[in-house]
Structure formats: structure tokens, C-alpha cells
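J.: Hey, dropping entry_1.cif in here, mmCIF, C-alpha atoms:
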data_start
loop_
_atom_site.group_PDB
_atom_site.id
_atom_site.type_symbol
_atom_site.label_atom_id
_atom_site.label_comp_id
_atom_site.auth_asym_id
_atom_site.auth_seq_id
_atom_site.Cartn_x
_atom_site.Cartn_y
_atom_site.Cartn_z
ATOM 1 C CA MET A 27 -22.453 -10.096 1.306
ATOM 2 C CA ALA A 28 -21.977 -6.353 1.661
ATOM 3 C CA ILE A 29 -18.217 -5.853 1.576
ATOM 4 C CA PHE A 30 -18.055 -2.279 0.348
ATOM 5 C CA ASP A 31 -19.805 0.836 1.593
ATOM 6 C CA ASP A 32 -20.163 3.426 -1.147
ATOM 7 C CA ASP A 33 -20.968 6.346 1.147
ATOM 8 C CA GLU A 34 -18.770 9.160 -0.148
ATOM 9 C CA ASP A 35 -19.651 11.741 2.529
ATOM 10 C CA SER A 36 -16.261 13.202 3.357
ATOM 11 C CA GLY A 37 -14.589 16.547 3.691
ATOM 12 C CA ASN A 38 -14.907 19.315 6.208
ATOM 13 C CA SER A 39 -13.225 22.678 6.572
ATOM 14 C CA TYR A 40 -12.060 21.662 10.041
ATOM 15 C CA LEU A 41 -9.757 19.002 8.651
ATOM 16 C CA ASN A 42 -8.286 21.325 6.055
ATOM 17 C CA ASP A 43 -6.226 22.851 8.836
ATOM 18 C CA LEU A 44 -4.617 19.458 9.403
ATOM 19 C CA ILE A 45 -3.615 18.903 5.792
ATOM 20 C CA GLY A 46 -0.693 20.516 4.049
ATOM 21 C CA GLY A 47 -0.456 21.574 0.427
ATOM 22 C CA SER A 48 0.626 19.323 -2.427
ATOM 23 C CA ASP A 49 2.161 19.970 -5.811
ATOM 24 C CA LYS A 50 -0.018 17.096 -7.111
ATOM 25 C CA GLU A 51 2.905 15.613 -9.034
ATOM 26 C CA ILE A 52 4.323 13.121 -6.572
ATOM 27 C CA LEU A 53 3.078 11.078 -3.660
ATOM 28 C CA SER A 54 5.370 11.778 -0.720
ATOM 29 C CA THR A 55 5.784 9.177 2.013
ATOM 30 C CA GLY A 56 6.044 11.916 4.610
ATOM 31 C CA ASN A 57 9.544 10.642 5.443
ATOM 32 C CA PRO A 58 12.326 12.702 3.782
ATOM 33 C CA GLU A 59 14.900 9.884 3.876
ATOM 34 C CA ILE A 60 12.568 7.432 2.131
ATOM 35 C CA ASP A 61 11.486 10.073 -0.380
ATOM 36 C CA ARG A 62 15.110 10.732 -1.346
ATOM 37 C CA LYS A 63 15.537 7.085 -2.267
ATOM 38 C CA ILE A 64 12.507 7.092 -4.581
ATOM 39 C CA ALA A 65 13.070 10.338 -6.468
ATOM 40 C CA ASP A 66 11.287 12.575 -3.915
ATOM 41 C CA GLY A 67 8.247 10.305 -3.810
ATOM 42 C CA LEU A 68 6.190 7.926 -5.911
ATOM 43 C CA PRO A 69 4.716 9.276 -9.157
ATOM 44 C CA LEU A 70 1.032 10.113 -9.079
ATOM 45 C CA TYR A 71 -1.336 8.275 -11.429
ATOM 46 C CA SER A 72 0.822 5.183 -11.182
ATOM 47 C CA MET A 73 0.658 1.615 -9.909
ATOM 48 C CA THR A 74 3.221 0.555 -7.315
ATOM 49 C CA LEU A 75 4.024 -3.013 -6.327
ATOM 50 C CA ILE A 76 5.432 -3.634 -2.835
ATOM 51 C CA GLU A 77 6.569 -7.225 -2.437
ATOM 52 C CA GLY A 78 8.421 -9.287 0.152
ATOM 53 C CA GLU A 79 8.208 -12.229 2.494
ATOM 54 C CA ASN A 80 6.477 -12.319 5.880
ATOM 55 C CA ASP A 81 7.334 -9.606 8.405
ATOM 56 C CA THR A 82 9.560 -7.591 6.085
ATOM 57 C CA GLY A 83 7.730 -4.281 6.492
ATOM 58 C CA LYS A 84 5.294 -4.198 3.574
ATOM 59 C CA SER A 85 2.421 -2.916 5.708
ATOM 60 C CA VAL A 86 4.733 -0.500 7.527
ATOM 61 C CA ILE A 87 5.761 1.140 4.260
ATOM 62 C CA THR A 88 2.175 1.352 3.015
ATOM 63 C CA GLN A 89 1.116 2.932 6.312
ATOM 64 C CA GLN A 90 3.892 5.503 5.979
ATOM 65 C CA ILE A 91 2.777 6.254 2.422
ATOM 66 C CA MET A 92 -0.840 6.630 3.587
ATOM 67 C CA TRP A 93 0.323 9.139 6.178
ATOM 68 C CA GLY A 94 2.208 11.126 3.558
ATOM 69 C CA ALA A 95 -0.796 11.058 1.235
ATOM 70 C CA MET A 96 -3.184 12.464 3.839
ATOM 71 C CA LYS A 97 -0.682 15.087 4.973
ATOM 72 C CA ASN A 98 -0.589 16.262 1.365
ATOM 73 C CA SER A 99 -4.337 16.576 0.805
ATOM 74 C CA PHE A 100 -5.040 13.215 -0.826
ATOM 75 C CA THR A 101 -7.952 10.980 0.120
ATOM 76 C CA VAL A 102 -7.232 7.285 0.644
ATOM 77 C CA ASP A 103 -9.103 3.982 0.403
ATOM 78 C CA LEU A 104 -7.431 1.001 2.093
ATOM 79 C CA PHE A 105 -8.535 -2.547 1.264
ATOM 80 C CA THR A 106 -6.888 -4.860 3.751
ATOM 81 C CA THR A 107 -6.699 -8.588 4.313
ATOM 82 C CA GLU A 108 -4.111 -7.976 7.028
ATOM 83 C CA SER A 109 -6.094 -6.234 9.769
ATOM 84 C CA THR A 110 -9.429 -4.974 11.032
ATOM 85 C CA VAL A 111 -10.312 -1.292 11.230
ATOM 86 C CA LYS A 112 -9.564 -1.274 14.957
ATOM 87 C CA SER A 113 -6.208 -3.015 14.646
ATOM 88 C CA PHE A 114 -5.211 -0.796 11.719
ATOM 89 C CA LEU A 115 -5.878 2.382 13.684
ATOM 90 C CA LYS A 116 -3.893 0.954 16.611
ATOM 91 C CA GLN A 117 -0.984 0.122 14.297
ATOM 92 C CA MET A 118 -0.915 3.656 12.945
ATOM 93 C CA GLU A 119 -1.005 5.073 16.462
ATOM 94 C CA SER A 120 1.859 2.794 17.539
ATOM 95 C CA MET A 121 3.951 4.292 14.708
ATOM 96 C CA SER A 122 3.205 7.814 15.971
ATOM 97 C CA LEU A 123 1.039 8.395 12.909
ATOM 98 C CA ASP A 124 -2.221 9.575 14.438
ATOM 99 C CA ILE A 125 -4.886 9.435 11.737
ATOM 100 C CA SER A 126 -7.930 9.520 14.011
ATOM 101 C CA ASP A 127 -9.139 12.881 12.682
ATOM 102 C CA TYR A 128 -8.502 11.888 9.067
ATOM 103 C CA TYR A 129 -10.474 8.696 9.620
ATOM 104 C CA ALA A 130 -13.297 10.441 11.472
ATOM 105 C CA TRP A 131 -13.811 12.928 8.634
ATOM 106 C CA GLY A 132 -13.573 10.358 5.850
ATOM 107 C CA TYR A 133 -10.208 11.278 4.374
ATOM 108 C CA ILE A 134 -9.243 7.632 4.778
ATOM 109 C CA ARG A 135 -11.663 4.712 4.562
ATOM 110 C CA VAL A 136 -10.745 1.166 5.573
ATOM 111 C CA PHE A 137 -12.352 -1.933 4.039
ATOM 112 C CA PRO A 138 -11.378 -5.264 5.683
ATOM 113 C CA LEU A 139 -11.550 -8.045 3.085
ATOM 114 C CA HIS A 140 -10.638 -11.172 5.017
ATOM 115 C CA VAL A 141 -13.922 -12.826 5.996
ATOM 116 C CA VAL A 142 -13.175 -15.455 8.646
ATOM 117 C CA GLY A 143 -14.877 -18.804 8.078
ATOM 118 C CA PHE A 144 -15.856 -18.107 4.473
ATOM 119 C CA ASP A 145 -14.770 -20.764 1.960
ATOM 120 C CA TRP A 146 -13.572 -19.002 -1.175
ATOM 121 C CA ASP A 147 -13.337 -20.597 -4.583
ATOM 122 C CA GLU A 148 -12.102 -19.260 -7.921
ATOM 123 C CA THR A 149 -15.549 -18.079 -9.036
ATOM 124 C CA ASP A 150 -16.133 -16.228 -5.781
ATOM 125 C CA MET A 151 -12.704 -14.632 -5.946
ATOM 126 C CA GLN A 152 -13.155 -13.505 -9.534
ATOM 127 C CA GLY A 153 -16.398 -11.844 -8.497
ATOM 128 C CA ILE A 154 -14.756 -10.142 -5.530
ATOM 129 C CA LEU A 155 -11.913 -8.811 -7.683
ATOM 130 C CA GLY A 156 -14.452 -7.507 -10.185
ATOM 131 C CA ARG A 157 -16.379 -5.749 -7.425
ATOM 132 C CA LEU A 158 -13.155 -4.327 -6.072
ATOM 133 C CA VAL A 159 -12.300 -2.790 -9.440
ATOM 134 C CA ALA A 160 -15.827 -1.402 -9.789
ATOM 135 C CA HIS A 161 -15.632 0.132 -6.326
ATOM 136 C CA MET A 162 -12.249 1.743 -7.029
ATOM 137 C CA GLN A 163 -13.637 3.179 -10.235
ATOM 138 C CA LYS A 164 -16.585 4.809 -8.443
ATOM 139 C CA SER A 165 -14.647 5.940 -5.387
ATOM 140 C CA LYS A 166 -13.610 9.544 -4.988
ATOM 141 C CA ALA A 167 -10.389 8.439 -3.295
ATOM 142 C CA GLU A 168 -7.280 9.548 -5.153
ATOM 143 C CA VAL A 169 -4.966 6.969 -3.564
ATOM 144 C CA ILE A 170 -5.986 3.298 -3.269
ATOM 145 C CA ILE A 171 -4.012 0.706 -1.336
ATOM 146 C CA ILE A 172 -4.529 -3.066 -1.382
ATOM 147 C CA ASP A 173 -2.706 -4.803 1.479
ATOM 148 C CA SER A 174 -2.323 -7.549 0.457
ATOM 149 C CA LEU A 175 -3.115 -9.432 -2.740
ATOM 150 C CA THR A 176 -1.798 -12.736 -1.351
ATOM 151 C CA LEU A 177 -5.203 -14.000 -0.210
ATOM 152 C CA PHE A 178 -6.561 -13.526 -3.729
ATOM 153 C CA ALA A 179 -3.654 -15.427 -5.284
ATOM 154 C CA GLU A 180 -4.520 -18.484 -3.216
ATOM 155 C CA TYR A 181 -7.948 -18.792 -4.816
ATOM 156 C CA ALA A 182 -7.669 -17.051 -8.194
ATOM 157 C CA SER A 183 -5.973 -18.224 -11.376
ATOM 158 C CA THR A 184 -3.054 -16.366 -12.923
ATOM 159 C CA ASP A 185 -5.298 -15.085 -15.710
ATOM 160 C CA VAL A 186 -7.769 -13.649 -13.197
ATOM 161 C CA ILE A 187 -4.950 -11.929 -11.303
ATOM 162 C CA MET A 188 -3.453 -10.484 -14.489
ATOM 163 C CA THR A 189 -6.877 -9.223 -15.598
ATOM 164 C CA PHE A 190 -7.139 -7.474 -12.244
ATOM 165 C CA PHE A 191 -3.779 -5.735 -12.792
ATOM 166 C CA THR A 192 -4.824 -4.734 -16.315
ATOM 167 C CA ASN A 193 -8.012 -3.199 -14.923
ATOM 168 C CA CYS A 194 -5.963 -1.369 -12.282
ATOM 169 C CA LYS A 195 -3.787 0.102 -15.028
ATOM 170 C CA THR A 196 -6.919 1.440 -16.688
ATOM 171 C CA LEU A 197 -7.899 3.094 -13.401
ATOM 172 C CA VAL A 198 -4.422 4.624 -13.184
ATOM 173 C CA ASP A 199 -4.882 6.057 -16.672
ATOM 174 C CA ASN A 200 -8.070 7.659 -15.374
ATOM 175 C CA GLY A 201 -6.454 9.411 -12.434
ATOM 176 C CA LYS A 202 -6.025 6.853 -9.646
ATOM 177 C CA THR A 203 -2.804 6.129 -7.758
ATOM 178 C CA ILE A 204 -2.740 2.472 -6.694
ATOM 179 C CA LEU A 205 -0.388 0.590 -4.373
ATOM 180 C CA ILE A 206 -0.541 -3.200 -4.054
ATOM 181 C CA THR A 207 1.382 -5.400 -1.628
ATOM 182 C CA LEU A 208 1.942 -9.126 -1.980
ATOM 183 C CA HIS A 209 3.969 -11.957 -0.489
ATOM 184 C CA THR A 210 6.574 -13.124 -2.978
ATOM 185 C CA TYR A 211 6.179 -16.798 -2.022
ATOM 186 C CA ALA A 212 2.511 -16.858 -3.092
ATOM 187 C CA PHE A 213 3.213 -16.320 -6.799
ATOM 188 C CA GLU A 214 5.058 -18.291 -9.454
ATOM 189 C CA GLU A 215 8.128 -16.525 -10.810
ATOM 190 C CA ASP A 216 6.607 -16.185 -14.297
ATOM 191 C CA SER A 217 3.559 -14.502 -12.777
ATOM 192 C CA LEU A 218 5.745 -12.162 -10.717
ATOM 193 C CA VAL A 219 7.673 -11.119 -13.820
ATOM 194 C CA ARG A 220 4.418 -10.245 -15.590
ATOM 195 C CA ILE A 221 3.048 -8.400 -12.556
ATOM 196 C CA ARG A 222 6.236 -6.383 -12.051
ATOM 197 C CA SER A 223 6.270 -5.378 -15.710
ATOM 198 C CA THR A 224 2.779 -3.877 -15.466
ATOM 199 C CA CYS A 225 3.714 -1.661 -12.506
ATOM 200 C CA ASP A 226 5.219 1.810 -12.694
ATOM 201 C CA ALA A 227 7.128 1.445 -9.433
ATOM 202 C CA HIS A 228 8.462 -1.635 -7.672
ATOM 203 C CA LEU A 229 9.667 -1.788 -4.064
ATOM 204 C CA VAL A 230 11.124 -4.970 -2.566
ATOM 205 C CA MET A 231 11.072 -5.523 1.191
ATOM 206 C CA LYS A 232 13.731 -7.677 2.856
ATOM 207 C CA LYS A 233 15.367 -8.303 6.217
ATOM 208 C CA SER A 234 18.973 -7.481 7.012
ATOM 209 C CA LEU A 235 21.150 -8.640 9.907
ATOM 210 C CA ILE A 236 22.801 -5.900 11.944
ATOM 211 C CA GLY A 237 24.834 -7.346 14.776
ATOM 212 C CA ASP A 238 22.513 -9.790 16.470
ATOM 213 C CA LYS A 239 19.225 -8.328 15.269
ATOM 214 C CA TYR A 240 17.291 -7.997 12.032
ATOM 215 C CA VAL A 241 16.083 -4.729 10.517
ATOM 216 C CA MET A 242 13.761 -4.104 7.597
ATOM 217 C CA VAL A 243 15.194 -3.025 4.247
ATOM 218 C CA MET A 244 13.398 -1.445 1.309
ATOM 219 C CA GLU A 245 15.069 -1.854 -2.079
ATOM 220 C CA VAL A 246 13.909 0.292 -4.980
ATOM 221 C CA GLY A 247 13.394 -1.919 -8.016
ATOM 222 C CA LYS A 248 12.161 0.829 -10.310
ATOM 223 C CA VAL A 249 10.290 4.124 -10.271
ATOM 224 C CA ARG A 250 8.747 5.468 -13.459
ATOM 225 C CA GLY A 251 10.403 8.659 -14.672
ATOM 226 C CA ALA A 252 13.132 8.585 -12.010
ATOM 227 C CA ARG A 253 16.857 8.499 -12.654
ATOM 228 C CA LYS A 254 19.420 6.412 -10.770
ATOM 229 C CA THR A 255 17.011 5.027 -8.191
ATOM 230 C CA THR A 256 17.205 1.319 -9.020
ATOM 231 C CA GLY A 257 19.011 -0.498 -6.236
ATOM 232 C CA ASN A 258 18.647 2.292 -3.683
ATOM 233 C CA LEU A 259 18.236 0.905 -0.176
ATOM 234 C CA VAL A 260 16.593 2.181 2.999
ATOM 235 C CA SER A 261 16.949 0.215 6.229
ATOM 236 C CA PHE A 262 14.771 0.878 9.254
ATOM 237 C CA GLU A 263 13.384 -0.391 12.519
ATOM 238 C CA VAL A 264 9.904 0.117 13.927
ATOM 239 C CA HIS A 265 9.704 1.105 17.590
ATOM 240 C CA PRO A 266 6.273 1.015 19.264
ATOM 241 C CA GLY A 267 5.294 4.492 20.346
ATOM 242 C CA TYR A 268 8.005 6.069 18.188
ATOM 243 C CA GLY A 269 7.558 4.763 14.685
ATOM 244 C CA MET A 270 10.122 4.236 11.936
ATOM 245 C CA LYS A 271 13.783 4.751 12.744
ATOM 246 C CA ILE A 272 16.093 4.899 9.739
ATOM 247 C CA ILE A 273 19.275 2.810 10.113
ATOM 248 C CA PRO A 274 22.355 3.862 8.101
ATOM 249 C CA MET A 275 23.064 1.284 5.392
ATOM 250 C CA SER A 276 26.766 1.540 6.200
ATOM 251 C CA VAL A 277 26.143 -0.645 9.246
ATOM 252 C CA ALA A 278 23.756 -3.079 7.532
ATOM 253 C CA LYS A 279 24.431 -6.301 5.654
ATOM 254 C CA VAL A 280 21.756 -7.144 3.115
#
Show me, as C-alpha cells, the structure contained in the file I just sent.
T.:
Amino acid sequence: MAIFDDDEDSGNSYLNDLIGGSDKEILSTGNPEIDRKIADGLPLYSMTLIEGENDTGKSVITQQIMWGAMKNSFTVDLFTTESTVKSFLKQMESMSLDISDYYAWGYIRVFPLHVVGFDWDETDMQGILGRLVAHMQKSKAEVIIIDSLTLFAEYASTDVIMTFFTNCKTLVDNGKTILITLHTYAFEEDSLVRIRSTCDAHLVMKKSLIGDKYVMVMEVGKVRGARKTTGNLVSFEVHPGYGMKIIPMSVAKV
């Protein structure tokens, strides 16, 4: 089953006009308010865990980070169990993050991983995770996003998952910046503690009630090298056709 395409043909002077400069020290989200809460951005050459329950904004945050990465000259690989290529591009467009040119010229590549009707087992999943690591190692992409790891947890043992995180840390040491999302409910607490400890940054997504409606809240668990960021909160809504709208925490109840 051919899941990955290793064609690395990307880059064109035309797209350089669309991409801003980068100091190559941090990974900006492209949203100043979010950046301020995570020490101006996530550290490069790091592994970030984004966790939360259903519909708490995990994919929204990763999409915002992807946008910031491409605006700052980074190439991106997205491995997704959450959407198809077509639905992903539509989601980005609905957030007013038009990545059509970036996608067309290969600055972002999307690899759907959820194969409908295929019966996974632990052996199959271990092989897929191994191929995923091998692909990330060979890829020229500087930023790699896995959204989400939940599907793998359903079929893989804790040891297989932890080996995957260990291999990701090795890739980070060799110049990759990796972001991984997961649903908190899919993992035992002991496993979550081990996973969180391996990551350089940890963002927790929640929902908060404001009046009679819920908004999404991002809580900063930790960011490597940052000071006084733990516990920082950003609340936001997502409006189709507009994108993220930051909501002052003074009016939110977490």
C-alpha cells in the first residue's frame, strides 16, 4: 500500500515573493496574541504535544502554526488522520488562511493516513509508524505535523507508541521540528505522563463557557527555554470565512 510519496520537487522563485523572512530560531504561529503566550513562538528543533478532547481546537491550532511556518519560509509535511487533502484545503480557506499557492508549489505536502475499510492490527500499525519515521527522516520538510496520533493508539501498544516518540526525538536532534496532536481520552494517564515528559512543548486544548456559548481555550503546559509561560491561556472562536477571533480571558470561565 503506497501511503507516502517521496517526490521532493518543490521550490520556485515565484513563491519566494509570498514568503517572509525568518530568524530561524522560533516557529511563529503567525498570530501575535498566540505567540505572546508561548514566548514569541515554539522553539525550532523541538517536539510539541497538542492534546485535548474532541472539538477543542487541536486541528485549528496546528493549522495556524502551519500558516505561520510557511509565512516564515519553512516547508511543511502534514500527516493527517483527520481529513483528506481536499477537506484540509477547504478548512484552511475557511479560516482565511489561503495556502493554495504554497500547496501548489510543494511548500506544504499533505499525507492522509486514515484508510477507510482497512482493518489494522498491532503488527500493521508498528510497520506504519516505522515507515512514518523513515519518511520524516528522508523528507526535506523542516516542520512535520501529525494530526492526530489517536488512531495509532487504538491499535498500537504503549511500547510501540513510546518507541515512536523516542524516534521522533532523534529526528528533532537532527534538525526537524515536530508537532503531534492526540485525544487525551485515548491514552492511559501513565502513558500520557511519559509522552508529555519527552516533549519540549506541551499545549492543552479545552472548552470554556462564555455566557451561553463555548469557546476554545489553549493552555500552555510548558515551552522549552521559555520563562513564565506555564499556565498562560488563550481563548478563541473560529468564524467561517474570518478565521480565529481571540476572546479576552477576562470574560471567560475555564
J.: What do you get, as a PyMOL selection string, if you spell out every residue that the PyMOL selection byres ((chain A and resi 205) around 8) selects here?
T.: chain A and resi 73-76+88+169-172+203-204+206-207
J.: Carefully work through the PyMOL selection byres ((chain A and resi 166) around 8) for this structure and note down the residues it includes, as JSON, numbers by chain.
T.: {"A": [34, 101, 164, 165, 167, 168]}
J.: Would you put the residues from that selection into a file with C-alpha atoms, as a PDB file, in the frame of the given file?
T.:
ATOM      1  CA  GLU A  34     -18.770   9.160  -0.148  1.00  0.00           C
ATOM      2  CA  THR A 101      -7.952  10.980   0.120  1.00  0.00           C
ATOM      3  CA  LYS A 164     -16.585   4.809  -8.443  1.00  0.00           C
ATOM      4  CA  SER A 165     -14.647   5.940  -5.387  1.00  0.00           C
ATOM      5  CA  ALA A 167     -10.389   8.439  -3.295  1.00  0.00           C
ATOM      6  CA  GLU A 168      -7.280   9.548  -5.153  1.00  0.00           C
TER       7      GLU A 168
END
J.: Which residue gives the smallest distance to Leu115 in chain A among A:Asp127, A:Arg250, A:Asn193, A:Lys239, with all atoms listed in the file counted?
T.: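 With all atoms listed in the file as the atom set, the closest residue is A:Asp127.
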J.: Run the PyMOL selection byres ((chain A and resi 226-233) around 9) against the file shown and list the residues it catches, as a PyMOL selection string.
T.: chain A and resi 68-69+72-79+81-84+222-225+234-235+240-251+261+280
J.: Neighbours of Leu177 in chain A within 10 Å (all atoms listed in the file; same-chain residues fewer than 5 positions away dropped), as a list in words?
T.: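 Here the qualifying residues turn out to be Thr107, Glu108, Leu139, His140, Trp146, Met151, Ala182, Leu208, His209 and Ala212 of chain A.
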J.: Rank A:Gln117, A:Gln152, A:Asn80, A:Ser174 by their smallest atom-to-atom distance to Thr189 in chain A, using all atoms listed in the file, and report the top residue only.
T.: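 Smallest distance to Thr189 in chain A is found for A:Gln152.
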J.: Could you work out an axis-aligned box for range 81-84 of chain A, taking every atom the file lists and adding 4 Å on each side, and report centre and edge lengths in Å to one decimal, as lines of an AutoDock Vina configuration file?
T.:
center_x = 7.4
center_y = -6.9
center_z = 6.0
size_x = 12.3
size_y = 13.4
size_z = 12.8
J.: Show me the residues close to (19.3, 7.4, 10.0) - anything with an atom within 9 Å, counting all atoms listed in the file - and format the list as a list in words.
T.: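 Taken together, the residues in range are Glu59, Ser261, Phe262, Lys271, Ile272, Ile273, Pro274 and Met275 of chain A.
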J.: Excluding Ile125 in chain A and its own-chain neighbours fewer than 6 positions away, which residues fall within 12 Å of it when counting all atoms listed in the file? Please give them as JSON, numbers by chain.
T.: {"A": [41, 44, 45, 89, 90, 92, 93, 94, 95, 96, 97, 102, 114, 115, 116, 117, 118, 119, 131, 132, 133, 134, 135, 136]}
J.: Any chance you could export the current selection's C-alpha atoms as a PDB file, in the coordinates of the input?
T.:
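As a result, again-v8.pdb now contains:
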ATOM      1  CA  LEU A  41      -9.757  19.002   8.651  1.00  0.00           C
ATOM      2  CA  LEU A  44      -4.617  19.458   9.403  1.00  0.00           C
ATOM      3  CA  ILE A  45      -3.615  18.903   5.792  1.00  0.00           C
ATOM      4  CA  GLN A  89       1.116   2.932   6.312  1.00  0.00           C
ATOM      5  CA  GLN A  90       3.892   5.503   5.979  1.00  0.00           C
ATOM      6  CA  MET A  92      -0.840   6.630   3.587  1.00  0.00           C
ATOM      7  CA  TRP A  93       0.323   9.139   6.178  1.00  0.00           C
ATOM      8  CA  GLY A  94       2.208  11.126   3.558  1.00  0.00           C
ATOM      9  CA  ALA A  95      -0.796  11.058   1.235  1.00  0.00           C
ATOM     10  CA  MET A  96      -3.184  12.464   3.839  1.00  0.00           C
ATOM     11  CA  LYS A  97      -0.682  15.087   4.973  1.00  0.00           C
ATOM     12  CA  VAL A 102      -7.232   7.285   0.644  1.00  0.00           C
ATOM     13  CA  PHE A 114      -5.211  -0.796  11.719  1.00  0.00           C
ATOM     14  CA  LEU A 115      -5.878   2.382  13.684  1.00  0.00           C
ATOM     15  CA  LYS A 116      -3.893   0.954  16.611  1.00  0.00           C
ATOM     16  CA  GLN A 117      -0.984   0.122  14.297  1.00  0.00           C
ATOM     17  CA  MET A 118      -0.915   3.656  12.945  1.00  0.00           C
ATOM     18  CA  GLU A 119      -1.005   5.073  16.462  1.00  0.00           C
ATOM     19  CA  TRP A 131     -13.811  12.928   8.634  1.00  0.00           C
ATOM     20  CA  GLY A 132     -13.573  10.358   5.850  1.00  0.00           C
ATOM     21  CA  TYR A 133     -10.208  11.278   4.374  1.00  0.00           C
ATOM     22  CA  ILE A 134      -9.243   7.632   4.778  1.00  0.00           C
ATOM     23  CA  ARG A 135     -11.663   4.712   4.562  1.00  0.00           C
ATOM     24  CA  VAL A 136     -10.745   1.166   5.573  1.00  0.00           C
TER      25      VAL A 136
END
J.: Mind checking which residues fall within 12 Å of Arg220 in chain A, counting all atoms listed in the file, ignoring those fewer than 6 positions away in the same chain, and posting them as a list in words?
T.: Leu75, Thr184, Asp185, Ile187, Met188, Thr189, Phe191, Thr192, Phe213 and Glu214 of chain A
J.: From the set A:Pro138, A:Tyr71, A:Glu148, A:Asn258, which residue has the shortest atom-to-atom contact distance to Glu180 in chain A, counting all atoms listed in the file?
T.: A:Glu148
